[in-house]
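Here the structure comes first, spelled out in structure tokens, and everything after it is commentary.
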Amino acid sequence: MTYSNIIVTTENRITTIKINREKALNALNEKTIVELHDCIDQLSQSEDTKVVVITGVGKKSFIAGADITMFEGKSPTSIRKLILKLQETLNKLEDLPFPVIASINGYCLGGGIELAMACDLRIASSTAIIGQPEIKLGLIPGAGGTQRLSRIVGTGRAKEIIFLGDNVDAESAKSFGLVNWVVPPENLEEKTLKIASRLAKGPSFALNMAKEVINRGPESSLLDAIRMEAELFALCFAHEDVKEGVNAFLNKRKPNFK
Ligand code: DAK
């Protein structure tokens, strides 16, 4: 599939996806959702990618939510089909077997923060504006927001954000754990690349295992989840990265993971 609403590039094993609808503040329309779905599908089978970065084109917006024009005149049946497609896309994004970073370069609203929450790490420009304004449209979040937001910030804060629909600035978002880092806008690209490069040089198998157990854990009891941790810890010993990591430590050198 050729893409026009997203731009995908890979360099040094870091794949960057840029949402490319600057005039509409990178709002997610149907075509963008289909392109993202296809791209994430391809990435799930990629041998070359070790880290994915998602950001928006331009300086003003990451993703200003769903493209509101697509809601006009829609029946519950057609909107259901579309929202399930977006949910499936975000579930696939969350399940990619390597780290995914949202580099939040401005407005990050509705479907935008929902996409960012399906990523593993979030780096925000200090000018970013984050929120779930769906309630102001007479809607509720539909692309995972009610669940992922509650799990990240707790139900009390999630209810505040979703019930009132008010925007949150980047520093506040950081204070309740919704973003990991806040940097001046001119440093966002550099900071994102720094974190992405570090992860790309990391032990990819262990990163995959850590992601798997962190993501799956909350679906199980504590005992089951820490048992899963033990199994995946043991499985890491099937990979040569452990030998390299341990040997590097014992020989006081930097590890060179495969
Ligand atoms: N949809 C469509 N166009 C949008 C847009 C959006 N979400 N956000 C901005 N634009 C367009 C504006 O209409 C304007 O277009 P022109 O008039 O120039 O043609 C252009 O982008 C620039 O926007 P503004 O002139 O409004 O710029 P300002 O700086 O004054 O304001 C703003 C920026 C972000 C505060 C404002 O644009 C705004 O409030 N935007 C809407 C935010 C919002 O409510 N987003 C939707 C939340 S609901 C689903 C998928 C996802 C979801 C649900 C279902 N399915 C697949 C079924 C998620 C739902 C949501 O995200």
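Identifiers for the structure tokens are assigned positionally: chains receive A, B, ... in sequence, residues are indexed from 1 per chain, and ligands are indexed from 1 in the order shown.
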* To do: Might you pull out every residue within 12 Å of region 229-234 of chain A, with only C-alpha atoms counted and same-chain residues fewer than 5 positions away left off, and present them as a VMD selection string?
  => chain A and resid 205 to 217 220 222 to 224 239 242
Write the residues of the preceding selection, restricted to N, CA and C atoms, as a compact mmCIF listing (two decimals), in the first residue's frame.
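The result, stored in part.txt:
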```
# COMPACT_ATOMS: atom_id res chain seq x y z
N PHE A 205 15.55 -8.86 22.62
CA PHE A 205 14.73 -9.97 23.13
C PHE A 205 14.24 -9.65 24.55
N ALA A 206 15.14 -9.17 25.40
CA ALA A 206 14.74 -8.83 26.77
C ALA A 206 13.72 -7.68 26.78
N LEU A 207 13.90 -6.71 25.88
CA LEU A 207 12.93 -5.61 25.81
C LEU A 207 11.56 -6.15 25.43
N ASN A 208 11.56 -7.08 24.49
CA ASN A 208 10.29 -7.70 24.07
C ASN A 208 9.63 -8.44 25.23
N MET A 209 10.45 -9.20 25.98
CA MET A 209 9.90 -9.97 27.11
C MET A 209 9.37 -9.03 28.20
N ALA A 210 10.12 -7.96 28.47
CA ALA A 210 9.69 -7.00 29.51
C ALA A 210 8.36 -6.36 29.11
N LYS A 211 8.26 -5.99 27.83
CA LYS A 211 7.02 -5.37 27.33
C LYS A 211 5.85 -6.33 27.46
N GLU A 212 6.10 -7.57 27.07
CA GLU A 212 5.05 -8.58 27.10
C GLU A 212 4.49 -8.75 28.51
N VAL A 213 5.38 -8.91 29.48
CA VAL A 213 4.88 -9.21 30.83
C VAL A 213 4.27 -7.96 31.48
N ILE A 214 4.81 -6.79 31.18
CA ILE A 214 4.20 -5.56 31.72
C ILE A 214 2.79 -5.37 31.12
N ASN A 215 2.67 -5.61 29.81
CA ASN A 215 1.36 -5.43 29.16
C ASN A 215 0.35 -6.48 29.60
N ARG A 216 0.80 -7.73 29.71
CA ARG A 216 -0.15 -8.82 30.02
C ARG A 216 -0.47 -8.93 31.51
N GLY A 217 0.48 -8.51 32.35
CA GLY A 217 0.33 -8.69 33.80
C GLY A 217 -1.01 -8.26 34.37
N SER A 220 -3.97 -10.55 34.71
CA SER A 220 -3.93 -11.75 35.56
C SER A 220 -3.85 -11.35 37.03
N LEU A 222 -1.83 -11.21 40.66
CA LEU A 222 -0.42 -10.88 40.92
C LEU A 222 0.44 -12.15 40.85
N LEU A 223 -0.07 -13.23 41.47
CA LEU A 223 0.71 -14.47 41.49
C LEU A 223 0.94 -15.01 40.09
N ASP A 224 -0.12 -15.00 39.26
CA ASP A 224 0.02 -15.49 37.88
C ASP A 224 0.98 -14.60 37.09
N HIS A 239 18.68 -16.77 25.03
CA HIS A 239 19.17 -15.80 24.04
C HIS A 239 20.61 -15.41 24.34
N VAL A 242 22.08 -12.51 26.93
CA VAL A 242 22.39 -12.66 28.36
C VAL A 242 23.88 -12.95 28.55
```
Output as a Markdown table one row per residue of chain A within 6 Å of ligand 1: the closest atom pair and its distance in Å to one decimal place, counting only C-alpha atoms and all ligand atoms, sorted by chain and residue number ascending.
```
| residue | atom | partner | partner_atom_place_in_ligand_line | distance |
| --- | --- | --- | --- | --- |
| A:Lys23 | CA | ligand 1 | 21 (O) | 5.6 |
| A:Ala24 | CA | ligand 1 | 21 (O) | 3.5 |
| A:Leu25 | CA | ligand 1 | 21 (O) | 4.9 |
| A:Ala27 | CA | ligand 1 | 7 (N) | 5.0 |
| A:Ala64 | CA | ligand 1 | 7 (N) | 4.9 |
| A:Gly65 | CA | ligand 1 | 61 (O) | 3.3 |
| A:Ala66 | CA | ligand 1 | 61 (O) | 3.8 |
| A:Asp67 | CA | ligand 1 | 1 (N) | 3.3 |
| A:Ile68 | CA | ligand 1 | 1 (N) | 4.0 |
| A:Thr69 | CA | ligand 1 | 2 (C) | 5.7 |
| A:Ile79 | CA | ligand 1 | 57 (C) | 4.9 |
| A:Leu82 | CA | ligand 1 | 56 (C) | 4.3 |
| A:Ile83 | CA | ligand 1 | 57 (C) | 3.8 |
| A:Leu86 | CA | ligand 1 | 56 (C) | 5.2 |
| A:Tyr107 | CA | ligand 1 | 34 (C) | 5.9 |
| A:Leu109 | CA | ligand 1 | 45 (N) | 5.7 |
| A:Gly110 | CA | ligand 1 | 61 (O) | 3.3 |
| A:Gly111 | CA | ligand 1 | 61 (O) | 3.9 |
| A:Pro133 | CA | ligand 1 | 47 (C) | 5.3 |
| A:Glu134 | CA | ligand 1 | 48 (S) | 4.4 |
| A:Pro141 | CA | ligand 1 | 59 (C) | 6.0 |
| A:Gly142 | CA | ligand 1 | 53 (C) | 5.1 |
| A:Ala143 | CA | ligand 1 | 51 (C) | 5.7 |
```
* Asked: So which residues touch Ser150 (chain A) within 12 Å, counting only C-alpha atoms, skipping near sequence neighbours fewer than 3 positions away, as a PyMOL selection string?
  -> chain A and resi 114+117+141+144-147+153-162+176-178
Those residues with N, CA and C atoms, as a PDB file, in the first residue's frame please?
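Final file, result.pdb:
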```
ATOM      1  N   GLU A 114      -5.222   8.709  22.768  1.00  0.00           N
ATOM      2  CA  GLU A 114      -5.523   7.272  22.787  1.00  0.00           C
ATOM      3  C   GLU A 114      -4.449   6.499  22.027  1.00  0.00           C
ATOM      4  N   MET A 117      -1.297   6.539  24.134  1.00  0.00           N
ATOM      5  CA  MET A 117      -1.342   5.628  25.288  1.00  0.00           C
ATOM      6  C   MET A 117      -1.149   4.170  24.873  1.00  0.00           C
ATOM      7  N   PRO A 141     -14.757   8.709  25.030  1.00  0.00           N
ATOM      8  CA  PRO A 141     -13.594   8.191  24.280  1.00  0.00           C
ATOM      9  C   PRO A 141     -13.944   6.809  23.722  1.00  0.00           C
ATOM     10  N   GLY A 144     -10.166   3.270  23.178  1.00  0.00           N
ATOM     11  CA  GLY A 144      -9.400   2.716  24.306  1.00  0.00           C
ATOM     12  C   GLY A 144      -9.202   3.680  25.463  1.00  0.00           C
ATOM     13  N   GLY A 145      -9.619   4.934  25.300  1.00  0.00           N
ATOM     14  CA  GLY A 145      -9.322   5.972  26.290  1.00  0.00           C
ATOM     15  C   GLY A 145      -9.866   5.687  27.685  1.00  0.00           C
ATOM     16  N   THR A 146     -11.088   5.183  27.767  1.00  0.00           N
ATOM     17  CA  THR A 146     -11.651   4.975  29.110  1.00  0.00           C
ATOM     18  C   THR A 146     -10.806   3.959  29.881  1.00  0.00           C
ATOM     19  N   GLN A 147     -10.245   2.992  29.170  1.00  0.00           N
ATOM     20  CA  GLN A 147      -9.497   1.923  29.847  1.00  0.00           C
ATOM     21  C   GLN A 147      -8.015   2.251  30.001  1.00  0.00           C
ATOM     22  N   VAL A 153      -3.304   6.605  34.705  1.00  0.00           N
ATOM     23  CA  VAL A 153      -3.341   7.683  35.716  1.00  0.00           C
ATOM     24  C   VAL A 153      -4.248   7.364  36.900  1.00  0.00           C
ATOM     25  N   GLY A 154      -4.961   6.242  36.864  1.00  0.00           N
ATOM     26  CA  GLY A 154      -5.899   5.904  37.944  1.00  0.00           C
ATOM     27  C   GLY A 154      -7.313   6.380  37.586  1.00  0.00           C
ATOM     28  N   THR A 155      -8.309   5.716  38.158  1.00  0.00           N
ATOM     29  CA  THR A 155      -9.697   6.030  37.755  1.00  0.00           C
ATOM     30  C   THR A 155     -10.128   7.438  38.181  1.00  0.00           C
ATOM     31  N   GLY A 156      -9.639   7.902  39.329  1.00  0.00           N
ATOM     32  CA  GLY A 156     -10.049   9.234  39.811  1.00  0.00           C
ATOM     33  C   GLY A 156      -9.642  10.309  38.823  1.00  0.00           C
ATOM     34  N   ARG A 157      -8.359  10.314  38.427  1.00  0.00           N
ATOM     35  CA  ARG A 157      -7.856  11.322  37.497  1.00  0.00           C
ATOM     36  C   ARG A 157      -8.487  11.129  36.106  1.00  0.00           C
ATOM     37  N   ALA A 158      -8.672   9.863  35.708  1.00  0.00           N
ATOM     38  CA  ALA A 158      -9.266   9.594  34.384  1.00  0.00           C
ATOM     39  C   ALA A 158     -10.682  10.163  34.323  1.00  0.00           C
ATOM     40  N   LYS A 159     -11.438  10.004  35.412  1.00  0.00           N
ATOM     41  CA  LYS A 159     -12.811  10.540  35.414  1.00  0.00           C
ATOM     42  C   LYS A 159     -12.790  12.063  35.316  1.00  0.00           C
ATOM     43  N   GLU A 160     -11.835  12.682  36.010  1.00  0.00           N
ATOM     44  CA  GLU A 160     -11.716  14.150  35.934  1.00  0.00           C
ATOM     45  C   GLU A 160     -11.457  14.574  34.478  1.00  0.00           C
ATOM     46  N   ILE A 161     -10.488  13.909  33.836  1.00  0.00           N
ATOM     47  CA  ILE A 161     -10.104  14.298  32.473  1.00  0.00           C
ATOM     48  C   ILE A 161     -11.243  14.032  31.482  1.00  0.00           C
ATOM     49  N   ILE A 162     -11.907  12.885  31.633  1.00  0.00           N
ATOM     50  CA  ILE A 162     -12.947  12.499  30.668  1.00  0.00           C
ATOM     51  C   ILE A 162     -14.273  13.220  30.941  1.00  0.00           C
ATOM     52  N   PHE A 176       1.190  13.453  36.594  1.00  0.00           N
ATOM     53  CA  PHE A 176       0.418  12.256  36.911  1.00  0.00           C
ATOM     54  C   PHE A 176       0.741  11.057  36.028  1.00  0.00           C
ATOM     55  N   GLY A 177       1.935  11.068  35.459  1.00  0.00           N
ATOM     56  CA  GLY A 177       2.466   9.859  34.821  1.00  0.00           C
ATOM     57  C   GLY A 177       1.954   9.582  33.412  1.00  0.00           C
ATOM     58  N   LEU A 178       1.282  10.573  32.828  1.00  0.00           N
ATOM     59  CA  LEU A 178       0.745  10.351  31.478  1.00  0.00           C
ATOM     60  C   LEU A 178       1.826  10.526  30.415  1.00  0.00           C
TER      61      LEU A 178
END
```
* Residue list (helix (DSSP H, G or I), DSSP) for region 47-208 of chain A, as an NGL selection string -> :A and (68-71 or 76-95 or 111-117 or 133-137 or 145-153 or 155-164 or 170-175 or 185-200 or 204-208)
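We find CA of Ala116 (chain A) and CA of Ile101 (chain A) to be spaced 8.0 Å apart.
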Identify, with DSSP run on backbone atoms, the residues in region 32-240 of chain A assigned to strand (DSSP E), and express the list as an mmCIF file with all heavy atoms, in the first residue's frame.
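New file part.cif:
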```cif
data_model
loop_
_atom_site.group_PDB
_atom_site.id
_atom_site.type_symbol
_atom_site.label_atom_id
_atom_site.label_comp_id
_atom_site.auth_asym_id
_atom_site.auth_seq_id
_atom_site.Cartn_x
_atom_site.Cartn_y
_atom_site.Cartn_z
ATOM 1 N N VAL A 51 12.800 -0.156 17.006
ATOM 2 C CA VAL A 51 12.057 0.861 17.768
ATOM 3 C C VAL A 51 11.165 1.618 16.783
ATOM 4 O O VAL A 51 11.569 1.853 15.643
ATOM 5 C CB VAL A 51 13.020 1.886 18.442
ATOM 6 C CG1 VAL A 51 12.260 2.965 19.180
ATOM 7 C CG2 VAL A 51 13.980 1.192 19.387
ATOM 8 N N VAL A 52 9.971 1.983 17.223
ATOM 9 C CA VAL A 52 9.092 2.816 16.389
ATOM 10 C C VAL A 52 8.861 4.141 17.110
ATOM 11 O O VAL A 52 8.676 4.166 18.328
ATOM 12 C CB VAL A 52 7.742 2.116 16.120
ATOM 13 C CG1 VAL A 52 6.751 3.058 15.461
ATOM 14 C CG2 VAL A 52 7.944 0.879 15.236
ATOM 15 N N VAL A 53 8.901 5.217 16.326
ATOM 16 C CA VAL A 53 8.562 6.548 16.849
ATOM 17 C C VAL A 53 7.344 7.045 16.080
ATOM 18 O O VAL A 53 7.301 6.929 14.854
ATOM 19 C CB VAL A 53 9.737 7.542 16.651
ATOM 20 C CG1 VAL A 53 9.307 8.968 16.980
ATOM 21 C CG2 VAL A 53 10.943 7.142 17.500
ATOM 22 N N ILE A 54 6.350 7.568 16.799
ATOM 23 C CA ILE A 54 5.195 8.162 16.114
ATOM 24 C C ILE A 54 5.122 9.632 16.488
ATOM 25 O O ILE A 54 5.245 9.998 17.673
ATOM 26 C CB ILE A 54 3.876 7.454 16.499
ATOM 27 C CG1 ILE A 54 4.004 5.949 16.237
ATOM 28 C CG2 ILE A 54 2.695 8.042 15.716
ATOM 29 C CD1 ILE A 54 2.740 5.153 16.432
ATOM 30 N N THR A 55 4.952 10.475 15.467
ATOM 31 C CA THR A 55 4.848 11.911 15.716
ATOM 32 C C THR A 55 3.954 12.532 14.641
ATOM 33 O O THR A 55 3.445 11.836 13.768
ATOM 34 C CB THR A 55 6.259 12.551 15.779
ATOM 35 O OG1 THR A 55 6.151 13.871 16.304
ATOM 36 C CG2 THR A 55 6.962 12.579 14.432
ATOM 37 N N GLY A 56 3.747 13.846 14.752
ATOM 38 C CA GLY A 56 2.918 14.529 13.758
ATOM 39 C C GLY A 56 3.757 15.483 12.930
ATOM 40 O O GLY A 56 4.759 16.027 13.410
ATOM 41 N N SER A 61 0.797 20.291 16.030
ATOM 42 C CA SER A 61 -0.080 19.211 16.483
ATOM 43 C C SER A 61 0.533 17.827 16.297
ATOM 44 O O SER A 61 1.145 17.536 15.266
ATOM 45 C CB SER A 61 -1.403 19.298 15.700
ATOM 46 O OG SER A 61 -2.308 18.337 16.164
ATOM 47 N N PHE A 62 0.324 17.012 17.313
ATOM 48 C CA PHE A 62 0.625 15.571 17.206
ATOM 49 C C PHE A 62 -0.576 14.954 16.463
ATOM 50 O O PHE A 62 -0.484 14.648 15.285
ATOM 51 C CB PHE A 62 0.792 15.013 18.622
ATOM 52 C CG PHE A 62 0.962 13.528 18.726
ATOM 53 C CD1 PHE A 62 2.105 12.902 18.256
ATOM 54 C CD2 PHE A 62 -0.027 12.744 19.314
ATOM 55 C CE1 PHE A 62 2.267 11.515 18.364
ATOM 56 C CE2 PHE A 62 0.132 11.365 19.439
ATOM 57 C CZ PHE A 62 1.273 10.753 18.965
ATOM 58 N N ILE A 63 -1.710 14.886 17.116
ATOM 59 C CA ILE A 63 -2.964 14.433 16.490
ATOM 60 C C ILE A 63 -4.097 15.143 17.253
ATOM 61 O O ILE A 63 -4.247 14.942 18.464
ATOM 62 C CB ILE A 63 -3.147 12.899 16.627
ATOM 63 C CG1 ILE A 63 -2.044 12.138 15.880
ATOM 64 C CG2 ILE A 63 -4.540 12.476 16.145
ATOM 65 C CD1 ILE A 63 -2.011 10.633 16.175
ATOM 66 N N VAL A 100 7.777 1.299 21.420
ATOM 67 C CA VAL A 100 7.155 2.315 20.559
ATOM 68 C C VAL A 100 7.080 3.610 21.370
ATOM 69 O O VAL A 100 6.626 3.613 22.525
ATOM 70 C CB VAL A 100 5.738 1.889 20.128
ATOM 71 C CG1 VAL A 100 5.109 2.950 19.224
ATOM 72 C CG2 VAL A 100 5.767 0.541 19.407
ATOM 73 N N ILE A 101 7.545 4.696 20.761
ATOM 74 C CA ILE A 101 7.596 5.991 21.448
ATOM 75 C C ILE A 101 6.649 6.976 20.761
ATOM 76 O O ILE A 101 6.698 7.125 19.543
ATOM 77 C CB ILE A 101 9.032 6.577 21.388
ATOM 78 C CG1 ILE A 101 10.031 5.615 22.045
ATOM 79 C CG2 ILE A 101 9.097 7.956 22.033
ATOM 80 C CD1 ILE A 101 11.493 6.005 21.811
ATOM 81 N N ALA A 102 5.823 7.662 21.554
ATOM 82 C CA ALA A 102 5.031 8.774 21.002
ATOM 83 C C ALA A 102 5.810 10.054 21.274
ATOM 84 O O ALA A 102 6.138 10.353 22.430
ATOM 85 C CB ALA A 102 3.668 8.832 21.678
ATOM 86 N N SER A 103 6.121 10.779 20.225
ATOM 87 C CA SER A 103 6.844 12.047 20.357
ATOM 88 C C SER A 103 5.808 13.153 20.124
ATOM 89 O O SER A 103 5.443 13.473 18.997
ATOM 90 C CB SER A 103 7.975 12.078 19.315
ATOM 91 O OG SER A 103 8.759 13.214 19.469
ATOM 92 N N ILE A 104 5.326 13.707 21.231
ATOM 93 C CA ILE A 104 4.111 14.542 21.197
ATOM 94 C C ILE A 104 4.468 15.999 20.959
ATOM 95 O O ILE A 104 4.918 16.711 21.861
ATOM 96 C CB ILE A 104 3.311 14.352 22.511
ATOM 97 C CG1 ILE A 104 2.972 12.852 22.698
ATOM 98 C CG2 ILE A 104 2.050 15.199 22.506
ATOM 99 C CD1 ILE A 104 2.336 12.514 24.040
ATOM 100 N N TYR A 107 -0.811 19.578 19.907
ATOM 101 C CA TYR A 107 -2.128 19.066 20.310
ATOM 102 C C TYR A 107 -2.170 17.545 20.270
ATOM 103 O O TYR A 107 -1.770 16.923 19.273
ATOM 104 C CB TYR A 107 -3.231 19.621 19.397
ATOM 105 C CG TYR A 107 -3.542 21.062 19.673
ATOM 106 C CD1 TYR A 107 -3.245 22.049 18.734
ATOM 107 C CD2 TYR A 107 -4.119 21.447 20.872
ATOM 108 C CE1 TYR A 107 -3.519 23.389 18.982
ATOM 109 C CE2 TYR A 107 -4.393 22.784 21.144
ATOM 110 C CZ TYR A 107 -4.097 23.738 20.197
ATOM 111 O OH TYR A 107 -4.367 25.063 20.461
ATOM 112 N N CYS A 108 -2.635 16.985 21.356
ATOM 113 C CA CYS A 108 -2.701 15.523 21.475
ATOM 114 C C CYS A 108 -4.048 15.228 22.142
ATOM 115 O O CYS A 108 -4.139 15.110 23.366
ATOM 116 C CB CYS A 108 -1.512 15.063 22.328
ATOM 117 S SG CYS A 108 -1.469 13.296 22.613
ATOM 118 N N LEU A 109 -5.077 15.214 21.298
ATOM 119 C CA LEU A 109 -6.441 15.202 21.836
ATOM 120 C C LEU A 109 -7.196 13.945 21.394
ATOM 121 O O LEU A 109 -6.933 13.407 20.308
ATOM 122 C CB LEU A 109 -7.193 16.446 21.333
ATOM 123 C CG LEU A 109 -6.539 17.797 21.679
ATOM 124 C CD1 LEU A 109 -7.294 18.944 21.000
ATOM 125 C CD2 LEU A 109 -6.479 18.018 23.185
ATOM 126 N N LEU A 121 6.208 4.569 25.542
ATOM 127 C CA LEU A 121 6.787 5.750 26.190
ATOM 128 C C LEU A 121 6.261 7.000 25.497
ATOM 129 O O LEU A 121 6.011 6.973 24.285
ATOM 130 C CB LEU A 121 8.319 5.713 26.089
ATOM 131 C CG LEU A 121 9.019 4.535 26.780
ATOM 132 C CD1 LEU A 121 10.493 4.474 26.355
ATOM 133 C CD2 LEU A 121 8.922 4.642 28.301
ATOM 134 N N ARG A 122 6.112 8.066 26.270
ATOM 135 C CA ARG A 122 5.600 9.315 25.706
ATOM 136 C C ARG A 122 6.549 10.461 26.077
ATOM 137 O O ARG A 122 6.827 10.678 27.272
ATOM 138 C CB ARG A 122 4.177 9.592 26.241
ATOM 139 C CG ARG A 122 3.118 8.682 25.604
ATOM 140 C CD ARG A 122 1.825 8.641 26.378
ATOM 141 N NE ARG A 122 1.958 7.882 27.611
ATOM 142 C CZ ARG A 122 1.923 6.543 27.698
ATOM 143 N NH1 ARG A 122 1.746 5.824 26.617
ATOM 144 N NH2 ARG A 122 2.084 5.930 28.855
ATOM 145 N N ILE A 123 7.022 11.151 25.034
ATOM 146 C CA ILE A 123 7.885 12.321 25.240
ATOM 147 C C ILE A 123 7.110 13.520 24.707
ATOM 148 O O ILE A 123 6.659 13.499 23.558
ATOM 149 C CB ILE A 123 9.218 12.181 24.463
ATOM 150 C CG1 ILE A 123 9.889 10.831 24.778
ATOM 151 C CG2 ILE A 123 10.155 13.352 24.783
ATOM 152 C CD1 ILE A 123 11.122 10.532 23.942
ATOM 153 N N ALA A 124 6.925 14.543 25.549
ATOM 154 C CA ALA A 124 6.100 15.672 25.104
ATOM 155 C C ALA A 124 6.902 16.958 25.020
ATOM 156 O O ALA A 124 7.776 17.227 25.850
ATOM 157 C CB ALA A 124 4.930 15.874 26.069
ATOM 158 N N SER A 125 6.582 17.747 24.019
ATOM 159 C CA SER A 125 7.073 19.112 23.959
ATOM 160 C C SER A 125 6.385 19.881 25.089
ATOM 161 O O SER A 125 5.228 19.600 25.428
ATOM 162 C CB SER A 125 6.688 19.703 22.598
ATOM 163 O OG SER A 125 6.524 21.088 22.718
ATOM 164 N N ILE A 129 -0.494 20.087 24.309
ATOM 165 C CA ILE A 129 -1.784 20.224 24.991
ATOM 166 C C ILE A 129 -2.470 18.868 24.860
ATOM 167 O O ILE A 129 -2.654 18.371 23.744
ATOM 168 C CB ILE A 129 -2.664 21.293 24.303
ATOM 169 C CG1 ILE A 129 -1.959 22.656 24.254
ATOM 170 C CG2 ILE A 129 -4.041 21.384 24.955
ATOM 171 C CD1 ILE A 129 -1.994 23.427 25.529
ATOM 172 N N ILE A 130 -2.805 18.300 25.997
ATOM 173 C CA ILE A 130 -3.291 16.915 26.007
ATOM 174 C C ILE A 130 -4.700 16.868 26.587
ATOM 175 O O ILE A 130 -4.998 17.573 27.566
ATOM 176 C CB ILE A 130 -2.315 16.055 26.847
ATOM 177 C CG1 ILE A 130 -0.919 16.074 26.184
ATOM 178 C CG2 ILE A 130 -2.820 14.612 26.991
ATOM 179 C CD1 ILE A 130 0.192 15.512 27.010
ATOM 180 N N GLY A 131 -5.557 16.030 26.009
ATOM 181 C CA GLY A 131 -6.899 15.916 26.593
ATOM 182 C C GLY A 131 -7.778 14.903 25.897
ATOM 183 O O GLY A 131 -7.441 14.380 24.836
ATOM 184 N N VAL A 168 -5.005 19.439 29.332
ATOM 185 C CA VAL A 168 -3.979 19.371 30.372
ATOM 186 C C VAL A 168 -2.666 19.793 29.725
ATOM 187 O O VAL A 168 -2.389 19.398 28.586
ATOM 188 C CB VAL A 168 -3.886 17.889 30.847
ATOM 189 C CG1 VAL A 168 -2.681 17.660 31.706
ATOM 190 C CG2 VAL A 168 -5.157 17.450 31.547
ATOM 191 N N ASP A 169 -1.863 20.599 30.433
ATOM 192 C CA ASP A 169 -0.567 20.955 29.835
ATOM 193 C C ASP A 169 0.452 19.830 30.082
ATOM 194 O O ASP A 169 0.209 18.917 30.879
ATOM 195 C CB ASP A 169 -0.069 22.319 30.356
ATOM 196 C CG ASP A 169 0.157 22.298 31.856
ATOM 197 O OD1 ASP A 169 0.862 21.397 32.337
ATOM 198 O OD2 ASP A 169 -0.394 23.177 32.563
ATOM 199 N N TRP A 181 8.586 12.255 29.701
ATOM 200 C CA TRP A 181 9.524 13.381 29.681
ATOM 201 C C TRP A 181 8.843 14.584 29.048
ATOM 202 O O TRP A 181 8.025 14.434 28.133
ATOM 203 C CB TRP A 181 10.776 13.062 28.837
ATOM 204 C CG TRP A 181 11.624 11.945 29.337
ATOM 205 C CD1 TRP A 181 12.614 12.027 30.278
ATOM 206 C CD2 TRP A 181 11.573 10.564 28.940
ATOM 207 N NE1 TRP A 181 13.175 10.786 30.478
ATOM 208 C CE2 TRP A 181 12.565 9.877 29.675
ATOM 209 C CE3 TRP A 181 10.808 9.853 28.034
ATOM 210 C CZ2 TRP A 181 12.794 8.508 29.534
ATOM 211 C CZ3 TRP A 181 11.020 8.479 27.887
ATOM 212 C CH2 TRP A 181 12.005 7.823 28.637
ATOM 213 N N VAL A 182 9.230 15.780 29.516
ATOM 214 C CA VAL A 182 8.783 17.026 28.878
ATOM 215 C C VAL A 182 10.038 17.814 28.521
ATOM 216 O O VAL A 182 10.927 17.983 29.368
ATOM 217 C CB VAL A 182 7.898 17.864 29.836
ATOM 218 C CG1 VAL A 182 7.531 19.201 29.199
ATOM 219 C CG2 VAL A 182 6.635 17.098 30.214
ATOM 220 N N VAL A 183 10.123 18.244 27.271
ATOM 221 C CA VAL A 183 11.318 18.983 26.834
ATOM 222 C C VAL A 183 10.878 20.215 26.031
ATOM 223 O O VAL A 183 9.768 20.224 25.481
ATOM 224 C CB VAL A 183 12.246 18.092 25.950
ATOM 225 C CG1 VAL A 183 12.846 16.951 26.748
ATOM 226 C CG2 VAL A 183 11.521 17.563 24.726
#
```
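Using only C-alpha atoms, the shortest contact distance between Lys59 (chain A) and any of A:Leu188, A:Glu171, A:Glu88, A:Gln42 is found at A:Leu188.
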* Asked: Which polymer residues have any atom within 10 Å of an atom of Ser4 (chain A), counting only C-alpha atoms, with same-chain residues fewer than 3 positions away left out, as number ranges by chain?
  -> A: 1, 7-8, 19-21, 31-32, 35
Residues from last step as file, N, CA, C and O atoms, as a CSV table (one decimal), in the first residue's frame:
```csv
chain,number,residue,atom,x,y,z
A,1,MET,N,0.9,-1.2,0.0
A,1,MET,CA,0.0,0.0,0.0
A,1,MET,C,0.9,1.2,0.0
A,1,MET,O,1.9,1.3,0.7
A,7,ILE,N,3.8,9.3,6.8
A,7,ILE,CA,5.1,9.3,6.2
A,7,ILE,C,5.9,8.3,7.0
A,7,ILE,O,6.0,8.5,8.2
A,8,VAL,N,6.5,7.2,6.4
A,8,VAL,CA,7.2,6.2,7.1
A,8,VAL,C,8.6,6.2,6.6
A,8,VAL,O,8.9,6.0,5.4
A,19,ILE,N,2.3,11.4,11.2
A,19,ILE,CA,0.9,11.7,10.7
A,19,ILE,C,1.0,12.9,9.8
A,19,ILE,O,1.5,14.0,10.3
A,20,ASN,N,0.5,12.8,8.6
A,20,ASN,CA,0.8,13.9,7.6
A,20,ASN,C,-0.5,14.6,7.1
A,20,ASN,O,-0.9,14.5,6.0
A,21,ARG,N,-1.2,15.2,8.1
A,21,ARG,CA,-2.4,16.0,7.7
A,21,ARG,C,-2.3,17.4,8.4
A,21,ARG,O,-3.2,17.7,9.2
A,31,LYS,N,-9.0,7.4,6.0
A,31,LYS,CA,-7.8,6.9,5.2
A,31,LYS,C,-6.6,6.8,6.1
A,31,LYS,O,-5.8,5.9,5.9
A,32,THR,N,-6.4,7.8,7.0
A,32,THR,CA,-5.2,7.7,7.9
A,32,THR,C,-5.3,6.4,8.8
A,32,THR,O,-4.3,5.8,9.0
A,35,GLU,N,-4.3,3.5,6.6
A,35,GLU,CA,-2.9,3.5,6.4
A,35,GLU,C,-2.1,3.1,7.6
A,35,GLU,O,-1.2,2.3,7.5
```
* **Between CA of Cys119 (chain A) and CA of Leu90 (chain A) - distance in Å to one decimal** =>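 CA of Leu90 (chain A) sits 8.6 Å away from CA of Cys119 (chain A).
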* **From A:Asn26, A:Asn167, A:Thr77, A:Asn12, residue lying nearest Ala196 (chain A) [only C-alpha atoms]** =>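 Closest to Ala196 (chain A), using only C-alpha atoms: A:Asn12.
Shortest separation to Lys50 (chain A) among A:Gly202, A:Gly138, A:Pro255, A:Gly73 occurs at residue A:Gly202, atoms counted being only C-alpha atoms.
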* **Length of the CA of Lys194 (chain A) to CA of Thr2 (chain A) vector [Å]** => 29.2 Å
